[in-house]
Amino acid sequence: PPPFFFHAEPAIRDPLRLVGSEMCIRDSDNVYFSDGLLFLENRKETIQGIDPVGQFDYTTGWINSLQKINFNGSQKGVYIEIRAQFPKGDKVWPAIWLIDDSPNRGWPPEIDIWEYFGRFFNTNRTDEMFMRYIYGLWNDKKDHSVPIENFQQTYSAFNQFYTYGFLWTKGRMSWYIDDQLVHTKTNGVEVPSSDWPDKPMCLVINNGLMRVVSDDNTTFPNALVLDYIKIYEDNN
């Protein structure tokens, strides 16, 4: 079937919002197009936030399809294809993920399609791209996570574009890089059938920074760069 295209636009209209305790989301400067590419940019800058009020040391950008485009792969198979470059550095924390977009929205579920950790919180683990599914209850959540280790070292994804694919059906979730299968979660195997995602979900794409990690090994500004986003839905 022909793809329908996600319309990239700033996720919020308020100029500044808090993320964590040291970084603000800003939609006016940190989300922009250049040479046909969409940039979601992390910047190191002192800025006065308004919601909540306070002074912050970093800004970032994000987009989402909340209440604009949603889909349920368990009802109609869905394939998401994104051509992108991911930033590198210990402090960066960009992600492409899905959240519940039903009228009575809840959490979990959350599908972190591509979640990159320059450094995994305050551990010695670095350069990991996670493919994970969070399910269960908010006060008793379960997490099935599989990382691609040495991600930037292997792919040099900070200066090369790759096509990142994600297939979600009632039977499996599969991850692809340039059409090569890198991971699969199967209904009833890695994830209990009773917890398989079966809700309309929307797309969230953000750059980001890990609060507990030093920025000594991170260059600013840095960006999650998107060439295109295509979402295919099974019409059968």
# chains A, B, ... in the order shown; residues from 1 in each chain; ligands from 1
>>> residues_around(residues="segment 154-161 of chain A", least_positions_apart="3", cutoff="8 Å", atoms="only C-alpha atoms", output="number ranges by chain")
A: 83-88, 150-151
>>> write_last_selection(atoms="N, CA and C atoms", output="mmCIF file, in the first residue's frame")
data_model
loop_
_atom_site.group_PDB
_atom_site.id
_atom_site.type_symbol
_atom_site.label_atom_id
_atom_site.label_comp_id
_atom_site.auth_asym_id
_atom_site.auth_seq_id
_atom_site.Cartn_x
_atom_site.Cartn_y
_atom_site.Cartn_z
ATOM 1 N N ARG A 83 14.488 7.421 7.786
ATOM 2 C CA ARG A 83 15.883 7.593 7.383
ATOM 3 C C ARG A 83 16.464 8.705 8.240
ATOM 4 N N ALA A 84 17.527 8.403 8.965
ATOM 5 C CA ALA A 84 17.982 9.333 9.996
ATOM 6 C C ALA A 84 19.474 9.210 10.264
ATOM 7 N N GLN A 85 19.993 10.253 10.913
ATOM 8 C CA GLN A 85 21.308 10.241 11.552
ATOM 9 C C GLN A 85 21.101 10.462 13.044
ATOM 10 N N PHE A 86 21.828 9.694 13.870
ATOM 11 C CA PHE A 86 21.751 9.847 15.316
ATOM 12 C C PHE A 86 22.993 10.569 15.836
ATOM 13 N N PRO A 87 22.829 11.442 16.833
ATOM 14 C CA PRO A 87 23.994 12.119 17.407
ATOM 15 C C PRO A 87 24.835 11.155 18.243
ATOM 16 N N LYS A 88 26.064 11.559 18.518
ATOM 17 C CA LYS A 88 26.914 10.764 19.393
ATOM 18 C C LYS A 88 27.423 11.643 20.531
ATOM 19 N N ASN A 150 27.959 -1.062 20.965
ATOM 20 C CA ASN A 150 28.934 -0.397 20.085
ATOM 21 C C ASN A 150 28.264 0.125 18.821
ATOM 22 N N PHE A 151 27.126 0.778 19.011
ATOM 23 C CA PHE A 151 26.296 1.179 17.874
ATOM 24 C C PHE A 151 27.010 2.173 16.962
#
>>> residues_around(residues="Asn207 of chain A", least_positions_apart="3", cutoff="7 Å", atoms="only C-alpha atoms", output="PyMOL selection string")
chain A and resi 40-42+60-62+93-95+223-224
>>> closest_residue(among="A:Val204, A:Val31, A:Leu37, A:Met129", to="Val225 of chain A", atoms="only C-alpha atoms")
A:Leu37
>>> closest_residue(among="A:Ile148, A:Ile63, A:Ile47, A:Met201", to="Pro109 of chain A", atoms="only C-alpha atoms")
A:Met201
>>> closest_residue(among="A:Leu167, A:Leu66, A:Ile50, A:Ile82", to="Val182 of chain A", atoms="only C-alpha atoms")
A:Leu167
>>> select_by_dssp(residues="segment 30-194 of chain A", states="helix (DSSP H, G or I)", output="list in words")
Phe151, Gln152, Gln153, Thr154, Tyr155, Ser193 and Ser194 of chain A
>>> closest_residue(among="A:Ser214, A:Thr186, A:Asp178, A:Ser74", to="Phe121 of chain A", atoms="only C-alpha atoms")
A:Ser214
>>> residues_around(residues="Ser145 of chain A", least_positions_apart="3", cutoff="9 Å", atoms="only C-alpha atoms", output="list in words")
Asp112, Phe130, Met131, Arg132, Tyr133 and Ile134 of chain A
>>> write_last_selection(atoms="C-alpha atoms", output="short mmCIF file (atom, residue, chain, number, x, y, z; two decimals), in the first residue's frame")
data_model
loop_
_atom_site.label_atom_id
_atom_site.label_comp_id
_atom_site.auth_asym_id
_atom_site.auth_seq_id
_atom_site.Cartn_x
_atom_site.Cartn_y
_atom_site.Cartn_z
CA ASP A 112 10.97 2.34 22.36
CA PHE A 130 18.03 -0.12 22.69
CA MET A 131 14.99 -1.82 21.18
CA ARG A 132 12.51 -2.29 23.99
CA TYR A 133 8.92 -2.74 25.01
CA ILE A 134 7.58 -1.55 28.38
#
>>> select_by_dssp(residues="segment 27-222 of chain A", states="strand (DSSP E or B)", output="PyMOL selection string")
chain A and resi 31-34+37-50+53-60+62-64+70-71+78-85+92+95-100+110-119+126-137+140-149+162-168+172-177+180-187+191+201-206+209+222
>>> atom_distance(atom1="atom CA of Thr169 of chain A", atom2="atom CA of Asn72 of chain A")
8.4 Å
>>> residues_around(residues="Glu190 of chain A", least_positions_apart="3", cutoff="12 Å", atoms="only C-alpha atoms", output="list in words")
Arg132, Tyr133, Ile134, Tyr135, Lys142, Asp143, His144, Ser145, Val146, Gly171, Arg172, Met173, His183, Thr184, Lys185, Thr186, Asn187, Ser193, Ser194, Asp195 and Trp196 of chain A
>>> closest_residue(among="A:Phe39, A:Tyr58, A:Phe120, A:Tyr79", to="Val213 of chain A", atoms="only C-alpha atoms")
A:Phe120
>>> closest_residue(among="A:Leu38, A:Val92, A:Pro52, A:Asn235", to="Pro221 of chain A", atoms="only C-alpha atoms")
A:Val92
>>> residues_around(residues="Gly89 of chain A", least_positions_apart="2", cutoff="6 Å", atoms="only C-alpha atoms", output="list in words")
Lys91, Val92, Gly118, Asn217 and Thr218 of chain A
>>> decode(residues="segment 63-106 of chain A", atoms="N, CA and C atoms", output="compact mmCIF listing (two decimals), in the first residue's frame")
# COMPACT_ATOMS: atom_id res chain seq x y z
N ILE A 63 9.30 16.21 18.22
CA ILE A 63 8.06 16.25 17.47
C ILE A 63 7.22 15.05 17.88
N ASN A 64 5.91 15.11 17.62
CA ASN A 64 5.07 13.94 17.86
C ASN A 64 3.85 13.97 16.95
N SER A 65 3.14 12.85 16.92
CA SER A 65 1.91 12.76 16.12
C SER A 65 0.68 12.63 17.01
N LEU A 66 0.79 13.07 18.25
CA LEU A 66 -0.28 12.96 19.25
C LEU A 66 -1.59 13.52 18.71
N GLN A 67 -2.63 12.68 18.70
CA GLN A 67 -3.97 13.05 18.23
C GLN A 67 -3.97 13.56 16.78
N LYS A 68 -2.92 13.24 16.03
CA LYS A 68 -2.87 13.58 14.60
C LYS A 68 -2.83 12.32 13.75
N ILE A 69 -1.88 11.44 14.04
CA ILE A 69 -1.76 10.16 13.36
C ILE A 69 -1.50 9.10 14.42
N ASN A 70 -2.34 8.07 14.45
CA ASN A 70 -2.07 6.93 15.32
C ASN A 70 -2.42 5.65 14.59
N PHE A 71 -2.02 4.53 15.14
CA PHE A 71 -2.17 3.25 14.47
C PHE A 71 -2.05 2.13 15.50
N ASN A 72 -2.63 0.97 15.16
CA ASN A 72 -2.59 -0.20 16.02
C ASN A 72 -2.14 -1.39 15.18
N GLY A 73 -0.88 -1.75 15.33
CA GLY A 73 -0.33 -2.82 14.51
C GLY A 73 -0.93 -4.18 14.78
N SER A 74 -1.52 -4.36 15.96
CA SER A 74 -2.15 -5.64 16.26
C SER A 74 -3.47 -5.81 15.53
N GLN A 75 -4.09 -4.71 15.12
CA GLN A 75 -5.33 -4.75 14.35
C GLN A 75 -5.06 -4.70 12.85
N LYS A 76 -4.16 -3.82 12.44
CA LYS A 76 -3.70 -3.73 11.06
C LYS A 76 -2.18 -3.59 11.11
N GLY A 77 -1.49 -4.53 10.49
CA GLY A 77 -0.04 -4.50 10.54
C GLY A 77 0.52 -3.15 10.12
N VAL A 78 1.57 -2.69 10.82
CA VAL A 78 2.17 -1.38 10.58
C VAL A 78 3.67 -1.54 10.37
N TYR A 79 4.18 -0.81 9.39
CA TYR A 79 5.63 -0.74 9.18
C TYR A 79 6.03 0.73 9.16
N ILE A 80 6.98 1.10 10.03
CA ILE A 80 7.48 2.47 10.13
C ILE A 80 8.90 2.49 9.59
N GLU A 81 9.15 3.40 8.67
CA GLU A 81 10.47 3.53 8.07
C GLU A 81 10.95 4.97 8.23
N ILE A 82 12.13 5.12 8.80
CA ILE A 82 12.69 6.45 9.06
C ILE A 82 14.14 6.46 8.60
N ARG A 83 14.49 7.42 7.79
CA ARG A 83 15.88 7.59 7.38
C ARG A 83 16.46 8.71 8.24
N ALA A 84 17.53 8.40 8.97
CA ALA A 84 17.98 9.33 10.00
C ALA A 84 19.47 9.21 10.26
N GLN A 85 19.99 10.25 10.91
CA GLN A 85 21.31 10.24 11.55
C GLN A 85 21.10 10.46 13.04
N PHE A 86 21.83 9.69 13.87
CA PHE A 86 21.75 9.85 15.32
C PHE A 86 22.99 10.57 15.84
N PRO A 87 22.83 11.44 16.83
CA PRO A 87 23.99 12.12 17.41
C PRO A 87 24.83 11.16 18.24
N LYS A 88 26.06 11.56 18.52
CA LYS A 88 26.91 10.76 19.39
C LYS A 88 27.42 11.64 20.53
N GLY A 89 28.00 11.00 21.54
CA GLY A 89 28.49 11.69 22.73
C GLY A 89 27.90 11.05 23.97
N ASP A 90 28.64 11.08 25.07
CA ASP A 90 28.20 10.40 26.28
C ASP A 90 26.84 10.88 26.78
N LYS A 91 26.56 12.17 26.63
CA LYS A 91 25.37 12.75 27.26
C LYS A 91 24.10 12.62 26.41
N VAL A 92 24.23 12.30 25.13
CA VAL A 92 23.05 12.32 24.26
C VAL A 92 22.12 11.15 24.56
N TRP A 93 20.81 11.41 24.35
CA TRP A 93 19.77 10.41 24.66
C TRP A 93 18.58 10.60 23.71
N PRO A 94 18.80 10.41 22.40
CA PRO A 94 17.69 10.55 21.44
C PRO A 94 16.85 9.28 21.39
N ALA A 95 15.61 9.42 20.93
CA ALA A 95 14.72 8.26 20.87
C ALA A 95 13.62 8.45 19.84
N ILE A 96 13.21 7.33 19.26
CA ILE A 96 12.03 7.23 18.40
C ILE A 96 11.13 6.20 19.07
N TRP A 97 9.93 6.61 19.49
CA TRP A 97 9.14 5.72 20.33
C TRP A 97 7.65 5.91 20.11
N LEU A 98 6.87 4.96 20.64
CA LEU A 98 5.41 4.96 20.51
C LEU A 98 4.78 4.96 21.89
N ILE A 99 3.69 5.75 22.04
CA ILE A 99 2.95 5.77 23.29
C ILE A 99 1.45 5.66 22.98
N ASP A 100 0.70 5.28 23.99
CA ASP A 100 -0.74 5.11 23.89
C ASP A 100 -1.40 6.43 23.45
N ASP A 101 -2.24 6.35 22.42
CA ASP A 101 -2.94 7.53 21.92
C ASP A 101 -4.45 7.32 21.94
N SER A 102 -4.91 6.41 22.80
CA SER A 102 -6.35 6.16 22.92
C SER A 102 -7.00 7.24 23.77
N PRO A 103 -8.32 7.37 23.73
CA PRO A 103 -8.99 8.44 24.49
C PRO A 103 -8.69 8.41 25.98
N ASN A 104 -8.62 7.22 26.56
CA ASN A 104 -8.27 7.09 27.98
C ASN A 104 -6.81 6.64 28.09
N ARG A 105 -5.94 7.53 27.64
CA ARG A 105 -4.52 7.21 27.53
C ARG A 105 -3.93 6.75 28.86
N GLY A 106 -3.11 5.69 28.80
CA GLY A 106 -2.44 5.20 29.98
C GLY A 106 -0.99 4.87 29.69
